[in-house]
>>> print(open('target_35.tsv').read())   # TSV, C-alpha atoms and all ligand atoms
chain	number	residue	atom	x	y	z
A	32	MET	CA	0.00	0.00	0.00
A	33	ASN	CA	1.41	3.40	-1.01
A	34	ILE	CA	0.12	6.64	0.40
A	35	VAL	CA	0.88	10.32	-0.06
A	36	ILE	CA	0.16	12.63	2.85
A	37	LEU	CA	-0.15	16.36	2.14
A	38	GLY	CA	-0.82	19.38	4.28
A	39	PRO	CA	0.47	22.90	4.84
A	40	GLN	CA	3.56	23.34	7.00
A	41	GLY	CA	2.64	22.71	10.64
A	42	SER	CA	-0.47	20.65	9.79
A	43	GLY	CA	0.80	17.71	11.82
A	44	LYS	CA	1.22	15.53	8.75
A	45	GLY	CA	4.60	14.35	10.07
A	46	THR	CA	2.92	13.03	13.23
A	47	GLN	CA	0.13	11.34	11.28
A	48	THR	CA	2.64	9.81	8.88
A	49	ALA	CA	4.67	8.33	11.71
A	50	LEU	CA	1.49	6.78	13.17
A	51	LEU	CA	0.49	5.39	9.75
A	52	ALA	CA	3.96	4.00	9.07
A	53	GLU	CA	3.89	2.15	12.36
A	54	LYS	CA	0.35	0.77	12.05
A	55	TYR	CA	0.73	-0.52	8.47
A	56	ASN	CA	4.51	-1.21	8.43
A	57	LEU	CA	5.16	1.44	5.78
A	58	ALA	CA	8.49	3.13	5.08
A	59	HIS	CA	8.25	6.85	5.92
A	60	ILE	CA	9.80	8.84	3.08
A	61	GLU	CA	10.10	12.41	4.41
A	62	THR	CA	11.94	14.41	1.77
A	63	GLY	CA	12.41	17.54	3.95
A	64	LYS	CA	14.19	15.46	6.60
A	65	ILE	CA	16.31	13.56	4.07
A	66	LEU	CA	17.31	16.83	2.37
A	67	ARG	CA	18.16	18.48	5.73
A	68	GLU	CA	20.42	15.52	6.54
A	69	ILE	CA	22.18	15.87	3.17
A	70	ALA	CA	22.49	19.67	3.65
A	71	ASN	CA	24.21	19.11	7.01
A	72	SER	CA	26.56	16.40	5.74
A	73	ASN	CA	29.62	16.60	3.51
A	74	HIS	CA	27.66	15.30	0.52
A	75	PRO	CA	28.85	16.89	-2.77
A	76	ARG	CA	25.45	18.61	-3.17
A	77	SER	CA	25.16	19.81	0.46
A	78	GLU	CA	25.92	23.53	-0.16
A	79	GLU	CA	23.59	23.70	-3.18
A	80	ILE	CA	20.75	22.04	-1.23
A	81	LYS	CA	21.33	24.16	1.90
A	82	ASN	CA	21.07	27.39	-0.15
A	83	ILE	CA	17.82	26.28	-1.79
A	84	MET	CA	16.26	25.27	1.54
A	85	ASN	CA	17.37	28.39	3.42
A	86	ASN	CA	15.67	30.50	0.76
A	87	GLY	CA	12.38	28.62	1.05
A	88	LEU	CA	12.67	27.27	-2.52
A	89	LEU	CA	12.14	23.74	-3.84
A	90	VAL	CA	14.99	21.48	-4.96
A	91	SER	CA	14.90	20.38	-8.62
A	92	ASP	CA	12.97	17.28	-9.67
A	93	LYS	CA	16.29	15.68	-10.65
A	94	ILE	CA	17.70	16.03	-7.10
A	95	LEU	CA	14.36	14.91	-5.68
A	96	GLU	CA	14.22	11.72	-7.78
A	97	GLU	CA	17.81	10.84	-6.81
A	98	VAL	CA	17.08	11.36	-3.11
A	99	MET	CA	13.72	9.52	-3.14
A	100	VAL	CA	14.89	6.47	-5.08
A	101	GLY	CA	17.93	6.25	-2.77
A	102	ALA	CA	15.72	6.36	0.34
A	103	MET	CA	13.23	3.83	-1.09
A	104	ASP	CA	15.99	1.41	-2.11
A	105	ASN	CA	17.26	1.50	1.48
A	106	GLN	CA	13.98	0.10	2.82
A	107	LYS	CA	13.52	-3.62	3.30
A	108	ASP	CA	10.60	-5.76	4.52
A	109	LYS	CA	8.08	-2.94	4.36
A	110	ALA	CA	4.48	-3.23	3.14
A	111	GLY	CA	4.76	0.01	1.09
A	112	PHE	CA	5.61	3.68	1.42
A	113	VAL	CA	4.09	6.76	2.96
A	114	PHE	CA	5.36	9.92	1.26
A	115	ASP	CA	5.53	13.05	3.41
A	116	GLY	CA	6.61	16.36	1.82
A	117	THR	CA	6.26	15.10	-1.77
A	118	PRO	CA	4.59	15.71	-4.22
A	119	ARG	CA	4.53	19.48	-4.11
A	120	ASN	CA	3.58	19.94	-7.77
A	121	LEU	CA	2.19	18.10	-10.79
A	122	GLU	CA	5.59	16.91	-12.00
A	123	GLN	CA	6.36	15.39	-8.58
A	124	TYR	CA	2.94	13.68	-8.49
A	125	ASN	CA	3.74	12.05	-11.84
A	126	LEU	CA	7.26	11.25	-10.61
A	127	ILE	CA	5.95	9.30	-7.61
A	128	LYS	CA	3.54	7.39	-9.85
A	129	LYS	CA	6.41	6.62	-12.28
A	130	ILE	CA	8.79	5.45	-9.53
A	131	LEU	CA	6.05	3.20	-8.09
A	132	GLU	CA	5.10	1.84	-11.53
A	133	GLU	CA	8.73	0.92	-12.16
A	134	ARG	CA	8.48	-1.19	-9.01
A	135	GLY	CA	5.24	-2.82	-10.20
A	136	GLU	CA	3.20	-0.83	-7.67
A	137	SER	CA	0.72	2.04	-7.68
A	138	LEU	CA	-0.32	5.04	-5.62
A	139	ASP	CA	-3.37	4.09	-3.54
A	140	LYS	CA	-4.37	7.22	-1.62
A	141	VAL	CA	-3.61	10.94	-1.29
A	142	ILE	CA	-4.55	12.23	2.15
A	143	VAL	CA	-4.69	16.00	2.74
A	144	VAL	CA	-4.56	17.28	6.32
A	145	ASN	CA	-6.03	20.80	6.18
A	146	ILE	CA	-5.35	23.67	8.63
A	147	SER	CA	-5.81	27.44	8.20
A	148	GLU	CA	-2.89	29.75	7.36
A	149	ASP	CA	-3.12	31.48	10.77
A	150	GLU	CA	-2.90	28.14	12.56
A	151	SER	CA	0.07	27.11	10.42
A	152	ILE	CA	2.02	30.30	11.23
A	153	LYS	CA	1.15	30.03	14.94
A	154	ARG	CA	2.35	26.41	15.15
A	155	LEU	CA	5.56	26.82	13.14
A	156	SER	CA	6.73	30.04	14.84
A	157	ALA	CA	6.70	28.10	18.12
A	158	ARG	CA	8.62	25.05	16.83
A	159	ARG	CA	12.13	24.40	18.24
A	160	SER	CA	14.49	21.51	17.45
A	161	CYS	CA	17.40	20.03	19.40
A	162	SER	CA	20.78	20.61	17.77
A	163	VAL	CA	22.05	17.30	19.18
A	164	CYS	CA	19.31	14.62	19.02
A	165	GLY	CA	16.84	16.34	16.63
A	166	LYS	CA	13.88	16.14	19.05
A	167	VAL	CA	11.14	18.65	18.16
A	168	TYR	CA	9.37	20.84	20.78
A	169	ASN	CA	6.73	23.55	20.62
A	170	ILE	CA	7.32	26.46	23.03
A	171	ILE	CA	3.55	26.84	23.55
A	172	THR	CA	2.06	23.35	23.43
A	173	ASN	CA	5.06	21.11	24.17
A	174	PRO	CA	7.96	23.07	25.77
A	175	SER	CA	11.18	21.43	26.94
A	176	PRO	CA	11.36	21.10	30.74
A	177	ASN	CA	14.91	22.47	30.37
A	178	GLY	CA	13.93	25.80	28.76
A	179	ASP	CA	16.24	26.61	25.86
A	180	PHE	CA	17.85	23.18	26.13
A	181	CYS	CA	16.63	19.71	25.21
A	182	GLU	CA	16.16	16.91	27.77
A	183	CYS	CA	19.38	15.43	26.30
A	184	GLY	CA	21.23	18.72	27.10
A	185	GLY	CA	21.51	19.94	23.49
A	186	ARG	CA	20.70	23.58	22.70
A	187	LEU	CA	17.33	24.17	21.03
A	188	PHE	CA	17.19	26.20	17.81
A	189	GLN	CA	14.57	27.56	15.45
A	190	ARG	CA	14.81	26.20	11.89
A	191	GLU	CA	15.92	28.98	9.51
A	192	ASP	CA	12.83	28.33	7.35
A	193	ASP	CA	10.42	28.46	10.36
A	194	ARG	CA	10.81	32.25	10.73
A	195	PRO	CA	7.54	34.09	9.92
A	196	GLN	CA	8.66	35.65	6.61
A	197	LEU	CA	9.84	32.31	5.23
A	198	ILE	CA	6.77	30.48	6.59
A	199	LYS	CA	4.57	32.80	4.53
A	200	LYS	CA	6.65	32.13	1.43
A	201	ARG	CA	6.52	28.34	2.00
A	202	LEU	CA	2.74	28.46	2.55
A	203	GLN	CA	2.25	30.47	-0.63
A	204	THR	CA	4.31	27.91	-2.58
A	205	TYR	CA	2.33	25.08	-0.94
A	206	HIS	CA	-1.04	26.54	-1.94
A	207	GLU	CA	0.03	27.53	-5.47
A	208	GLN	CA	1.54	24.20	-6.36
A	209	THR	CA	-0.22	21.61	-4.21
A	210	SER	CA	-3.70	22.71	-5.22
A	211	LYS	CA	-2.99	21.24	-8.68
A	212	VAL	CA	-1.90	17.93	-7.11
A	213	ILE	CA	-5.10	17.85	-5.05
A	214	GLU	CA	-7.17	18.34	-8.20
A	215	LEU	CA	-5.33	15.54	-9.99
A	216	ALA	CA	-5.71	13.12	-7.08
A	217	LYS	CA	-9.41	13.94	-7.02
A	218	ASN	CA	-9.67	13.09	-10.72
A	219	ASP	CA	-7.76	9.84	-10.04
A	220	GLY	CA	-10.37	9.02	-7.37
A	221	ILE	CA	-7.77	8.64	-4.59
A	222	LEU	CA	-8.20	11.93	-2.67
A	223	GLU	CA	-9.20	12.13	1.02
A	224	GLU	CA	-9.40	15.58	2.68
A	225	ILE	CA	-9.24	15.69	6.48
A	226	ASN	CA	-9.67	18.52	9.01
A	227	GLY	CA	-6.33	18.85	10.85
A	228	GLU	CA	-7.54	21.25	13.56
A	229	ARG	CA	-8.64	18.42	15.86
A	230	PRO	CA	-6.93	16.12	18.39
A	231	ILE	CA	-4.20	13.88	16.90
A	232	GLU	CA	-6.10	10.67	17.69
A	233	GLU	CA	-9.31	11.86	16.04
A	234	ILE	CA	-7.46	12.80	12.86
A	235	PHE	CA	-5.68	9.45	12.84
A	236	ASN	CA	-8.95	7.49	13.24
A	237	ASN	CA	-10.36	9.40	10.29
A	238	ILE	CA	-7.30	8.52	8.16
A	239	VAL	CA	-7.44	4.85	9.19
A	240	LYS	CA	-11.11	4.67	8.18
A	241	SER	CA	-10.30	5.94	4.68
A	242	ILE	CA	-7.44	3.42	4.38
A	243	GLU	CA	-9.50	0.45	5.51
A	244	ILE	CA	-11.69	1.18	2.48
A	245	ILE	CA	-8.64	0.54	0.21
A	246	ASN	CA	-7.92	-2.65	2.12
A	247	GLY	CA	-11.48	-3.80	1.48
A	248	LYS	CA	-12.45	-3.85	5.16
A	249	ASN	CA	-15.52	-1.68	4.56
A	301	LIG	P1	9.73	20.50	4.67
A	301	LIG	O1	10.39	20.03	5.92
A	301	LIG	O2	8.87	19.43	4.02
A	301	LIG	O3	9.01	21.80	4.82
A	301	LIG	O4	10.91	20.76	3.62
A	301	LIG	C1	11.93	21.67	3.90
A	301	LIG	C2	12.57	22.12	2.60
A	301	LIG	O5	13.13	20.97	1.88
A	301	LIG	C3	11.62	22.74	1.57
A	301	LIG	O6	11.39	24.10	1.83
A	301	LIG	C4	12.37	22.48	0.26
A	301	LIG	O7	13.45	23.40	0.12
A	301	LIG	C5	12.97	21.09	0.47
A	301	LIG	N1	12.03	20.01	0.02
A	301	LIG	C6	11.41	19.07	0.80
A	301	LIG	N2	10.63	18.26	0.06
A	301	LIG	C7	10.75	18.71	-1.23
A	301	LIG	C8	10.18	18.31	-2.47
A	301	LIG	N3	9.29	17.32	-2.57
A	301	LIG	N4	10.55	18.98	-3.58
A	301	LIG	C9	11.42	20.00	-3.53
A	301	LIG	N5	11.97	20.46	-2.39
A	301	LIG	C10	11.66	19.82	-1.25
>>> encode(input="target_35.tsv", output="structure tokens", more="lines below")
Ligand code: AMP
Amino acid sequence: MNIVILGPQGSGKGTQTALLAEKYNLAHIETGKILREIANSNHPRSEEIKNIMNNGLLVSDKILEEVMVGAMDNQKDKAGFVFDGTPRNLEQYNLIKKILEERGESLDKVIVVNISEDESIKRLSARRSCSVCGKVYNIITNPSPNGDFCECGGRLFQREDDRPQLIKKRLQTYHEQTSKVIELAKNDGILEEINGERPIEEIFNNIVKSIEIINGKN
């Protein structure tokens, strides 16, 4: 089973994806995370990728394909993939379908977790990550008991692209480009839109219900 999960920045799609990956034994392909790891490594493309990300732009489809196929090839004994952060435009939607077809598989569902722009900005402005272990906090809803430091002792920082000006730019890009993907998934009959301004468990139950329909349980 192969699923795409979409949603504006801060929608909680990362949390929902992790829950889905665990429940259905799916490999979580989170392109933002993979690209951040490459940007912070001594990979030959690290400087190029870091510059693109710090300016709130998208990496090219060529880089994306390379990174996705690499991450997918690394997965073993999984029942499929859940894609988080991709596709962000029509070309990437077709790219995922092509990569899956080449593996004799197909895309089964596109789930969209919707939240308002105000909610997105509020959630992301409060996000802080640990510079040592990568744990993510929210200074309003989930602060570290150690203030500016993580429970592991590492200093917390705000992601360069989580500053309000860049959040607005990323949201604008999301809405401009992803709306076309949503339309296409609707035409393909695999779209499921979900209200993300509810408790995590409620959202997850809603997603599971739509997936059980693919699995023929309903
Ligand atoms: P995210 O954590 O998903 O917001 O991604 C952080 C940054 O990584 C984005 O602003 C882009 O620069 C880059 N990125 C992540 N996923 C993609 C993608 N599917 N296509 C192009 N760039 C991406």
>>> atom_distance(input="target_35.tsv", atom1="atom CA of A:Gly38", atom2="atom CA of A:Gln123")
15.3 Å
>>> closest_residue(input="target_35.tsv", among="A:Gln203, A:Leu89, A:Ile142, A:Pro195", to="A:Ile225", atoms="only C-alpha atoms")
A:Ile142
>>> residues_around(input="target_35.tsv", residues="stretch 206-217 of chain A", least_positions_apart="2", cutoff="12 Å", atoms="only C-alpha atoms", output="PyMOL selection string")
chain A and resi 34-40+89+116-128+138-148+199-204+219-224
>>> residues_near_ligand(input="target_35.tsv", ligand="ligand LIG 301 (chain A)", cutoff="8 Å", atoms="only C-alpha atoms and all ligand atoms", output="VMD selection string")
chain A and resid 40 61 to 64 66 to 67 80 83 to 92 95 115 to 119 123 192 201
>>> closest_atom_pairs(input="target_35.tsv", of="stretch 50-110 of chain A", to="stretch 226-248 of chain A", cutoff="10 Å", atoms="all atoms listed in the file", output="CSV")
residue,atom,partner,partner_atom,distance
A:Leu50,CA,A:Phe235,CA,7.7
A:Leu51,CA,A:Val239,CA,8.0
A:Lys54,CA,A:Val239,CA,9.2
A:Tyr55,CA,A:Val239,CA,9.8
>>> atom_distance(input="target_35.tsv", atom1="atom CA of A:Leu187", atom2="atom CA of A:Ser151")
20.5 Å
>>> atom_distance(input="target_35.tsv", atom1="atom CA of A:Gln106", atom2="atom CA of A:Ala58")
6.7 Å
>>> build_atoms(input="target_35.tsv", residues="stretch 132-143 of chain A", atoms="all heavy atoms", output="tab-separated table (two decimals), in the frame of the given file")
chain	number	residue	atom	x	y	z
A	132	GLU	N	5.39	2.72	-10.38
A	132	GLU	CA	5.10	1.84	-11.53
A	132	GLU	C	6.32	1.01	-11.88
A	132	GLU	O	6.21	-0.18	-12.17
A	132	GLU	CB	4.69	2.66	-12.76
A	132	GLU	CG	3.17	2.74	-12.93
A	132	GLU	CD	2.77	3.79	-13.94
A	132	GLU	OE1	3.50	4.00	-14.94
A	132	GLU	OE2	1.73	4.45	-13.69
A	133	GLU	N	7.50	1.65	-11.84
A	133	GLU	CA	8.73	0.92	-12.16
A	133	GLU	C	8.99	-0.22	-11.17
A	133	GLU	O	9.75	-1.12	-11.45
A	133	GLU	CB	9.92	1.89	-12.17
A	133	GLU	CG	9.94	2.73	-13.45
A	133	GLU	CD	10.92	3.90	-13.42
A	133	GLU	OE1	11.63	4.08	-12.38
A	133	GLU	OE2	10.97	4.64	-14.40
A	134	ARG	N	8.35	-0.13	-10.01
A	134	ARG	CA	8.48	-1.19	-9.01
A	134	ARG	C	7.28	-2.14	-9.06
A	134	ARG	O	7.09	-2.94	-8.15
A	134	ARG	CB	8.56	-0.58	-7.60
A	134	ARG	CG	9.82	0.19	-7.38
A	134	ARG	CD	9.75	1.02	-6.10
A	134	ARG	NE	10.98	1.75	-5.98
A	134	ARG	CZ	11.97	1.45	-5.13
A	134	ARG	NH1	11.82	0.49	-4.26
A	134	ARG	NH2	13.09	2.13	-5.13
A	135	GLY	N	6.43	-1.97	-10.07
A	135	GLY	CA	5.24	-2.82	-10.20
A	135	GLY	C	4.16	-2.48	-9.19
A	135	GLY	O	3.33	-3.32	-8.84
A	136	GLU	N	4.18	-1.23	-8.69
A	136	GLU	CA	3.20	-0.83	-7.67
A	136	GLU	C	2.41	0.40	-8.14
A	136	GLU	O	2.67	0.93	-9.22
A	136	GLU	CB	3.91	-0.52	-6.36
A	136	GLU	CG	4.55	-1.77	-5.76
A	136	GLU	CD	5.25	-1.46	-4.46
A	136	GLU	OE1	4.63	-0.80	-3.63
A	136	GLU	OE2	6.41	-1.85	-4.32
A	137	SER	N	1.48	0.84	-7.30
A	137	SER	CA	0.72	2.04	-7.68
A	137	SER	C	0.47	2.91	-6.45
A	137	SER	O	0.66	2.46	-5.31
A	137	SER	CB	-0.62	1.63	-8.30
A	137	SER	OG	-1.35	0.90	-7.35
A	138	LEU	N	0.02	4.13	-6.71
A	138	LEU	CA	-0.32	5.04	-5.62
A	138	LEU	C	-1.78	4.79	-5.24
A	138	LEU	O	-2.66	4.83	-6.10
A	138	LEU	CB	-0.11	6.49	-6.10
A	138	LEU	CG	-0.37	7.58	-5.08
A	138	LEU	CD1	0.52	7.41	-3.85
A	138	LEU	CD2	-0.10	8.96	-5.70
A	139	ASP	N	-2.03	4.50	-3.95
A	139	ASP	CA	-3.37	4.09	-3.54
A	139	ASP	C	-4.22	5.22	-2.97
A	139	ASP	O	-5.45	5.19	-3.06
A	139	ASP	CB	-3.26	2.98	-2.47
A	139	ASP	CG	-2.56	1.77	-3.04
A	139	ASP	OD1	-3.06	1.22	-4.03
A	139	ASP	OD2	-1.48	1.39	-2.51
A	140	LYS	N	-3.58	6.19	-2.30
A	140	LYS	CA	-4.37	7.22	-1.62
A	140	LYS	C	-3.55	8.51	-1.46
A	140	LYS	O	-2.34	8.45	-1.20
A	140	LYS	CB	-4.73	6.69	-0.22
A	140	LYS	CG	-5.91	7.35	0.41
A	140	LYS	CD	-7.18	6.60	0.05
A	140	LYS	CE	-8.43	7.18	0.58
A	140	LYS	NZ	-9.61	6.65	-0.11
A	141	VAL	N	-4.22	9.64	-1.61
A	141	VAL	CA	-3.61	10.94	-1.29
A	141	VAL	C	-4.44	11.55	-0.17
A	141	VAL	O	-5.62	11.86	-0.37
A	141	VAL	CB	-3.58	11.87	-2.53
A	141	VAL	CG1	-3.09	13.26	-2.15
A	141	VAL	CG2	-2.69	11.28	-3.62
A	142	ILE	N	-3.84	11.69	1.00
A	142	ILE	CA	-4.55	12.23	2.15
A	142	ILE	C	-4.09	13.66	2.38
A	142	ILE	O	-2.89	13.93	2.44
A	142	ILE	CB	-4.25	11.36	3.40
A	142	ILE	CG1	-4.87	9.99	3.21
A	142	ILE	CG2	-4.76	12.04	4.68
A	142	ILE	CD1	-4.39	8.96	4.18
A	143	VAL	N	-5.04	14.60	2.49
A	143	VAL	CA	-4.69	16.00	2.74
A	143	VAL	C	-5.16	16.38	4.14
A	143	VAL	O	-6.35	16.29	4.45
A	143	VAL	CB	-5.36	16.94	1.71
A	143	VAL	CG1	-4.84	18.36	1.89
A	143	VAL	CG2	-5.13	16.47	0.31
